[in-house]
Structures are given as C-alpha cells and as structure tokens.
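Asker: Sharing final-v5.csv below, CSV, C-alpha atoms:
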chain,number,residue,atom,x,y,z
N,1,MET,CA,21.1,81.1,105.1
N,2,ARG,CA,17.7,81.3,103.5
N,3,CYS,CA,17.2,82.9,100.1
N,4,PRO,CA,15.7,86.3,100.4
N,5,ASN,CA,13.8,85.7,97.2
N,6,CYS,CA,12.2,82.3,97.6
N,7,GLY,CA,13.0,81.1,101.1
N,8,THR,CA,15.0,78.0,100.0
N,9,VAL,CA,18.1,77.1,102.0
N,10,MET,CA,21.1,78.4,100.1
N,11,ASN,CA,24.2,76.4,99.5
N,12,ARG,CA,27.5,77.7,100.9
N,13,HIS,CA,29.8,76.8,98.0
N,14,ALA,CA,32.8,79.1,98.1
N,15,GLU,CA,35.0,81.4,100.0
N,16,LYS,CA,36.9,84.1,98.1
N,17,SER,CA,39.5,86.7,99.1
N,18,VAL,CA,38.1,90.1,98.2
N,19,LYS,CA,39.0,93.8,98.9
N,20,ASP,CA,37.7,94.7,102.4
N,21,PRO,CA,34.6,96.8,101.8
N,22,HIS,CA,34.8,98.4,105.2
N,23,ALA,CA,38.3,99.7,104.9
N,24,SER,CA,40.4,101.7,102.4
N,25,GLU,CA,42.9,98.8,102.2
N,26,GLY,CA,43.2,95.2,103.2
N,27,GLU,CA,41.5,91.9,102.4
N,28,ALA,CA,38.3,90.3,103.6
N,29,ILE,CA,36.8,86.8,103.0
N,30,ALA,CA,33.5,86.6,101.1
N,31,THR,CA,31.5,83.5,101.8
N,32,ILE,CA,29.3,82.8,98.7
N,33,TYR,CA,25.9,81.2,98.8
N,34,TYR,CA,23.8,80.0,95.9
N,35,CYS,CA,20.0,79.4,95.9
N,36,PRO,CA,19.1,76.0,94.3
N,37,GLY,CA,15.5,77.3,94.0
N,38,CYS,CA,15.9,80.5,92.1
N,39,GLY,CA,19.6,81.0,91.4
N,40,LYS,CA,20.1,84.0,93.6
N,41,VAL,CA,23.6,84.7,94.8
N,42,GLU,CA,24.5,86.1,98.2
N,43,ALA,CA,27.8,87.0,99.8
N,44,GLU,CA,28.7,87.5,103.5
N,45,VAL,CA,32.0,89.5,103.9
N,46,GLU,CA,34.1,89.2,107.0
N,47,PRO,CA,37.5,90.9,107.6
N,48,HIS,CA,40.4,88.6,106.8
N,49,ASP,CA,42.5,87.4,109.8
N,50,PRO,CA,45.9,86.7,108.2
X,51,MET,CA,19.5,70.6,88.4
X,52,ASN,CA,16.2,72.5,88.7
X,53,LYS,CA,14.5,71.7,85.4
X,54,ASP,CA,12.1,74.6,85.8
X,55,ARG,CA,15.1,77.0,85.4
X,56,PRO,CA,16.9,76.4,82.0
X,57,LEU,CA,20.5,77.3,81.7
X,58,PHE,CA,21.1,81.0,81.1
X,59,VAL,CA,24.1,81.8,78.9
X,60,PRO,CA,24.5,85.5,78.0
X,61,VAL,CA,26.9,86.6,75.3
X,62,ILE,CA,28.9,89.7,76.0
X,63,LEU,CA,30.0,91.9,73.1
X,64,GLY,CA,33.2,93.3,74.5
X,65,THR,CA,34.1,96.3,72.5
X,66,THR,CA,32.6,99.8,72.0
X,67,ARG,CA,34.7,100.7,68.9
X,68,LYS,CA,32.9,102.1,65.9
X,69,GLY,CA,32.7,99.6,63.0
X,70,ARG,CA,33.6,96.7,65.2
X,71,MET,CA,33.6,93.3,63.4
X,72,SER,CA,33.2,91.6,66.8
X,73,ALA,CA,29.5,92.5,66.6
X,74,HIS,CA,29.1,90.0,63.7
X,75,ALA,CA,30.9,87.3,65.7
X,76,ALA,CA,28.8,88.0,68.8
X,77,GLN,CA,25.6,87.9,66.8
X,78,PHE,CA,26.6,84.7,65.2
X,79,VAL,CA,27.4,82.9,68.5
X,80,PHE,CA,24.2,84.4,70.0
X,81,SER,CA,22.2,82.9,67.1
X,82,GLN,CA,23.8,79.5,67.6
X,83,LEU,CA,22.9,79.6,71.3
X,84,GLN,CA,19.3,80.5,70.5
X,85,LYS,CA,19.0,77.3,68.5
X,86,ARG,CA,19.4,75.3,71.7
X,87,ASN,CA,16.1,74.6,73.4
X,88,SER,CA,17.7,73.9,76.8
X,89,VAL,CA,19.4,77.3,76.9
X,90,LYS,CA,18.2,80.9,77.4
X,91,THR,CA,20.5,83.6,76.2
X,92,GLU,CA,20.8,87.4,75.8
X,93,LEU,CA,23.2,89.5,73.8
X,94,ILE,CA,24.8,92.2,76.1
X,95,ASP,CA,26.6,95.0,74.3
X,96,ILE,CA,29.0,96.8,76.6
X,97,ALA,CA,28.5,100.0,74.5
X,98,GLU,CA,24.9,100.1,75.8
X,99,LEU,CA,25.8,99.8,79.5
X,100,PRO,CA,25.7,103.1,81.4
X,101,LEU,CA,28.8,102.5,83.5
X,102,PRO,CA,30.7,105.7,84.6
X,103,VAL,CA,34.4,105.8,84.1
X,104,ASP,CA,35.2,108.2,87.0
X,105,ASP,CA,35.2,105.2,89.4
X,106,ALA,CA,35.7,101.5,89.1
X,107,GLY,CA,34.9,98.1,90.5
X,108,GLU,CA,31.7,97.2,92.3
X,109,ALA,CA,31.1,100.9,92.9
X,110,VAL,CA,29.9,101.3,89.3
X,111,LYS,CA,27.7,98.2,89.2
X,112,ASP,CA,24.9,98.3,86.7
X,113,SER,CA,21.7,96.6,87.9
X,114,HIS,CA,20.9,95.1,84.5
X,115,PHE,CA,24.4,93.7,83.9
X,116,SER,CA,24.7,92.5,87.5
X,117,GLY,CA,21.3,90.8,87.3
X,118,ALA,CA,22.3,89.0,84.1
X,119,MET,CA,25.6,87.8,85.6
X,120,GLU,CA,23.7,86.6,88.7
X,121,ARG,CA,21.2,84.7,86.6
X,122,ALA,CA,23.9,83.3,84.3
X,123,ASP,CA,25.2,79.7,84.5
X,124,ALA,CA,27.9,80.5,81.9
X,125,ILE,CA,29.0,83.5,80.0
X,126,VAL,CA,30.4,83.9,76.5
X,127,ILE,CA,32.8,86.8,76.1
X,128,VAL,CA,33.4,88.0,72.6
X,129,THR,CA,36.6,90.1,72.6
X,130,PRO,CA,38.6,91.7,69.8
X,131,GLU,CA,42.4,91.8,70.1
X,132,TYR,CA,43.6,95.4,70.4
X,133,ASN,CA,47.4,95.9,70.8
X,134,HIS,CA,47.7,92.2,71.7
X,135,SER,CA,45.1,92.2,74.5
X,136,PHE,CA,41.4,92.7,75.3
X,137,PRO,CA,39.7,96.1,75.5
X,138,GLY,CA,40.1,98.1,78.7
X,139,LEU,CA,36.4,98.9,78.8
X,140,LEU,CA,35.5,95.2,78.7
X,141,LYS,CA,37.7,94.8,81.8
X,142,HIS,CA,36.0,97.8,83.4
X,143,VAL,CA,32.6,96.2,82.8
X,144,LEU,CA,33.6,92.8,84.1
X,145,ASP,CA,35.2,94.3,87.2
X,146,SER,CA,31.9,95.8,88.2
X,147,CYS,CA,30.7,92.4,89.5
X,148,LEU,CA,32.3,89.6,91.6
X,149,LYS,CA,30.0,87.4,93.7
X,150,GLU,CA,27.8,87.0,90.6
X,151,TYR,CA,30.6,85.0,88.8
X,152,ILE,CA,31.7,82.6,91.4
X,153,HIS,CA,31.8,78.9,90.1
X,154,LYS,CA,30.3,79.7,86.7
X,155,ALA,CA,31.7,78.8,83.3
X,156,ALA,CA,33.3,81.1,80.9
X,157,GLY,CA,34.2,80.7,77.2
X,158,ILE,CA,36.0,83.3,75.1
X,159,VAL,CA,35.5,84.1,71.5
X,160,GLY,CA,38.5,86.0,70.0
X,161,VAL,CA,38.2,88.3,66.9
X,162,SER,CA,41.1,89.9,65.0
X,163,ALA,CA,42.0,91.2,61.6
X,164,GLY,CA,45.1,89.1,61.7
X,165,VAL,CA,45.5,85.4,61.5
X,166,PHE,CA,45.6,84.5,65.2
X,167,GLY,CA,41.9,85.2,65.9
X,168,GLY,CA,42.4,87.0,69.1
X,169,ALA,CA,44.6,84.2,70.6
X,170,ARG,CA,46.8,86.6,72.6
X,171,ALA,CA,43.8,88.5,74.0
X,172,ILE,CA,42.3,85.1,75.0
X,173,GLU,CA,45.5,84.1,76.8
X,174,HIS,CA,45.6,87.4,78.6
X,175,PHE,CA,42.1,86.8,79.8
X,176,GLN,CA,42.9,83.6,81.7
X,177,PRO,CA,44.3,85.0,84.9
X,178,VAL,CA,41.4,87.6,85.0
X,179,LEU,CA,38.8,84.9,84.7
X,180,ARG,CA,40.5,82.9,87.5
X,181,GLU,CA,40.5,85.9,89.8
X,182,LEU,CA,36.8,86.7,89.0
X,183,GLY,CA,35.9,83.1,90.2
X,184,LEU,CA,34.9,82.0,86.7
X,185,VAL,CA,35.9,78.6,85.3
X,186,SER,CA,37.5,78.8,81.9
X,187,ILE,CA,36.8,76.1,79.3
X,188,PHE,CA,39.5,74.6,77.0
X,189,TRP,CA,37.7,75.4,73.8
X,190,ASP,CA,37.8,78.9,72.2
X,191,VAL,CA,36.5,80.2,68.9
X,192,ASN,CA,39.0,82.2,67.0
X,193,PHE,CA,37.7,84.5,64.2
X,194,GLY,CA,41.0,85.3,62.5
X,195,THR,CA,41.1,87.5,59.4
X,196,VAL,CA,37.6,88.4,60.3
X,197,GLU,CA,36.8,90.5,57.2
X,198,LYS,CA,36.9,87.2,55.3
X,199,VAL,CA,34.7,85.3,57.8
X,200,PHE,CA,31.7,87.7,57.6
X,201,ASP,CA,30.5,90.0,54.9
X,202,ALA,CA,29.6,93.7,55.5
X,203,ASN,CA,26.1,92.7,56.6
X,204,GLY,CA,27.4,90.1,59.1
X,205,GLN,CA,26.5,87.1,57.0
X,206,LEU,CA,28.8,84.1,57.8
X,207,LEU,CA,31.0,83.4,54.7
X,208,ASP,CA,33.1,80.5,56.2
X,209,GLN,CA,30.8,77.6,57.2
X,210,ALA,CA,33.6,75.9,59.1
X,211,TYR,CA,32.7,78.1,62.0
X,212,ILE,CA,29.4,76.4,62.6
X,213,PRO,CA,30.9,73.0,63.8
X,214,ARG,CA,33.7,74.9,65.6
X,215,THR,CA,31.2,77.0,67.5
X,216,ASP,CA,29.1,73.9,68.3
X,217,ARG,CA,32.0,72.2,69.9
X,218,PHE,CA,32.8,75.3,71.9
X,219,LEU,CA,29.2,75.6,73.1
X,220,ASN,CA,28.9,71.9,73.8
X,221,GLU,CA,31.8,72.1,76.2
X,222,LEU,CA,30.6,75.4,77.8
X,223,ILE,CA,27.1,73.9,78.4
X,224,TRP,CA,28.6,70.8,79.9
X,225,MET,CA,30.7,72.9,82.3
X,226,ALA,CA,27.7,75.1,83.1
X,227,LYS,CA,25.7,72.1,84.1
X,228,VAL,CA,28.4,70.6,86.3
X,229,LEU,CA,29.0,73.9,88.0
X,230,ARG,CA,25.3,74.5,88.5
X,231,TYR,CA,25.1,71.1,90.2
X,232,GLY,CA,28.0,72.0,92.4
X,233,ARG,CA,26.6,75.4,93.4
X,234,GLU,CA,23.2,73.8,94.2
X,235,ASN,CA,24.4,70.7,96.0
X,236,ILE,CA,28.1,70.6,97.1
X,237,VAL,CA,28.9,72.4,100.3
X,238,LEU,CA,32.3,73.9,100.8
X,239,GLU,CA,34.3,71.8,103.4
Take the structure in this file and express it as structure tokens.
Answerer:
Amino acid sequence: MRCPNCGTVMNRHAEKSVKDPHASEGEAIATIYYCPGCGKVEAEVEPHDP
Amino acid sequence: MNKDRPLFVPVILGTTRKGRMSAHAAQFVFSQLQKRNSVKTELIDIAELPLPVDDAGEAVKDSHFSGAMERADAIVIVTPEYNHSFPGLLKHVLDSCLKEYIHKAAGIVGVSAGVFGGARAIEHFQPVLRELGLVSIFWDVNFGTVEKVFDANGQLLDQAYIPRTDRFLNELIWMAKVLRYGRENIVLE
C-alpha cells in the first residue's frame, strides 16, 4: 500500500481483531499500515473467518 | 527513524471534574516534555473535546484528537483515581480511536488525594491499553496526596517529582523510538 499523503510504501506491521464495521455484531481483522515517510496510519478491515 | 520528524508525545489530561488537581500534574509533565529538544508535545484536555455522549466508539471520533493520536509516537495519560479507577469520560475519549494507537507507547501518570497516587487506576488501565494496541511502560508517576505536591497555583512543592518524572519520560521515549523503528521497518510475518 502506498501512503495517500506522501506516496511512500507503507509498512504492514500489525493485524488486530476489531468489531466488524459492516455488521451489527461479529469480528473482523484490521491490517494496520504505517508510513515511514510521514507517519500516516491506515487500516484495511476484512471480515474475520473463524 | 526519520530524523525530519521528531517524536511526538502528547499529554492527555484525563478528567473533566471542576477543581481537578490532575491539571497541575498534567501541566508539570507537559513542561518537562517541552524541555526535551528531540520531542514535540501537546497538552490535550478531554474537557475541551466536543465528543457527544449519545453514541460511543469510533462513531464519535474527533478529528483533532484522532489526528494527534495518529501523529503520536507515545502518549502520556494523566488520570485521577475516582472510586478506585479512572474516569469514564477518559475511557469514552480513548475508545473513539483504535488504528491510531497500534504499536505506540503509553505511560500513565496517576493522581490522588490519598497516598497511593492513583495506583489502582493505573492497574485498571493495563488491560485497556493492551486492547487498544498500546504498549505500556513499566514506569509510572504517582502523585499521591496531591494537595501537598502542588500549591493552589500549580507550583511544584516536592522537587523529588522532577527526577521521578525524568526516569518515566526516559523509558517512554526509549519505547517510543523502538516502536517507531518497528512500525517503519519491521513487516508482520
């Protein structure tokens, strides 16, 4: 993933269980990216497959 | 670490109560951080954040607070101890973000009228920090019997808090640097 602020390649450094943003209940996995250039944080959320 | 971007370590004043002595503690820690050339800081008073209370979580995210947490490499949370724990409104504010905190350092400053200096509130905070993705350090600052630590104007009366706070900040900044290196360079397997 490239940083939407500065275009630097972001580092995928974590996966975190989160509330599913697309459903009233259930979990999802957020993949967290950090930009070494400007410090921006991005998350991609996918439904959790238990 | 990107040297063009100094560490950013905001201080969160975690109570809205009138007459709060925690404001003196937060101002003191903030002033100690300001003395460090390698660090940028900001004092965030949760009483000034316009978060609604008719919803919760990321639905009530405030852009200024979220932006500060995203920019942060570490956070200092100054919390009083109310009924043996931390204030509910502080939790409400912290719960408004999540991705912003992941793999960042957190240090807690406890404040109480009693002798324990917020120790029970700090212990209650540990599982919350873990779930938020923050990394807790092993130093705290405990402002016990806080009316004797600061005068009515917020002047520090007990100079022993200067070296204690320095040790706390030294550890927090070390952890912030390590975690920034990890966020920037170490890919999850």
Asker: Could you check which of X:Glu197, X:Glu221, X:Asp216, X:Glu150 is closest to Ala122 in chain X, using only C-alpha atoms?
Answerer: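 Using only C-alpha atoms, the shortest distance to Ala122 in chain X belongs to X:Glu150.
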Asker: Up to 10 Å from chain N, what residues of chain X turn up? Count all atoms listed in the file and give them as JSON, numbers by chain.
Answerer: {"X": [51, 52, 54, 55, 108, 117, 119, 120, 121, 122, 123, 148, 149, 150, 151, 152, 153, 181, 182, 183, 230, 231, 232, 233, 234, 235, 236, 237, 238, 239]}
Asker: I want to know what sits within 12 Å of Val79 in chain X, based on only C-alpha atoms, with residues of the same chain fewer than 4 positions away left out; could you give that as a PyMOL selection string?
Answerer: chain X and resi 59-63+72-75+83-86+91-93+125-128+157-160+190-193+204+206+211-219
Asker: Work out how far apart CA of Lys111 in chain X and CA of Arg70 in chain X are and give it in Å to one decimal.
Answerer: 24.8 Å
Asker: Give me, please, the distance in Å between CA of Phe175 in chain X and CA of Pro137 in chain X, quoted to one decimal.
Answerer: 10.5 Å
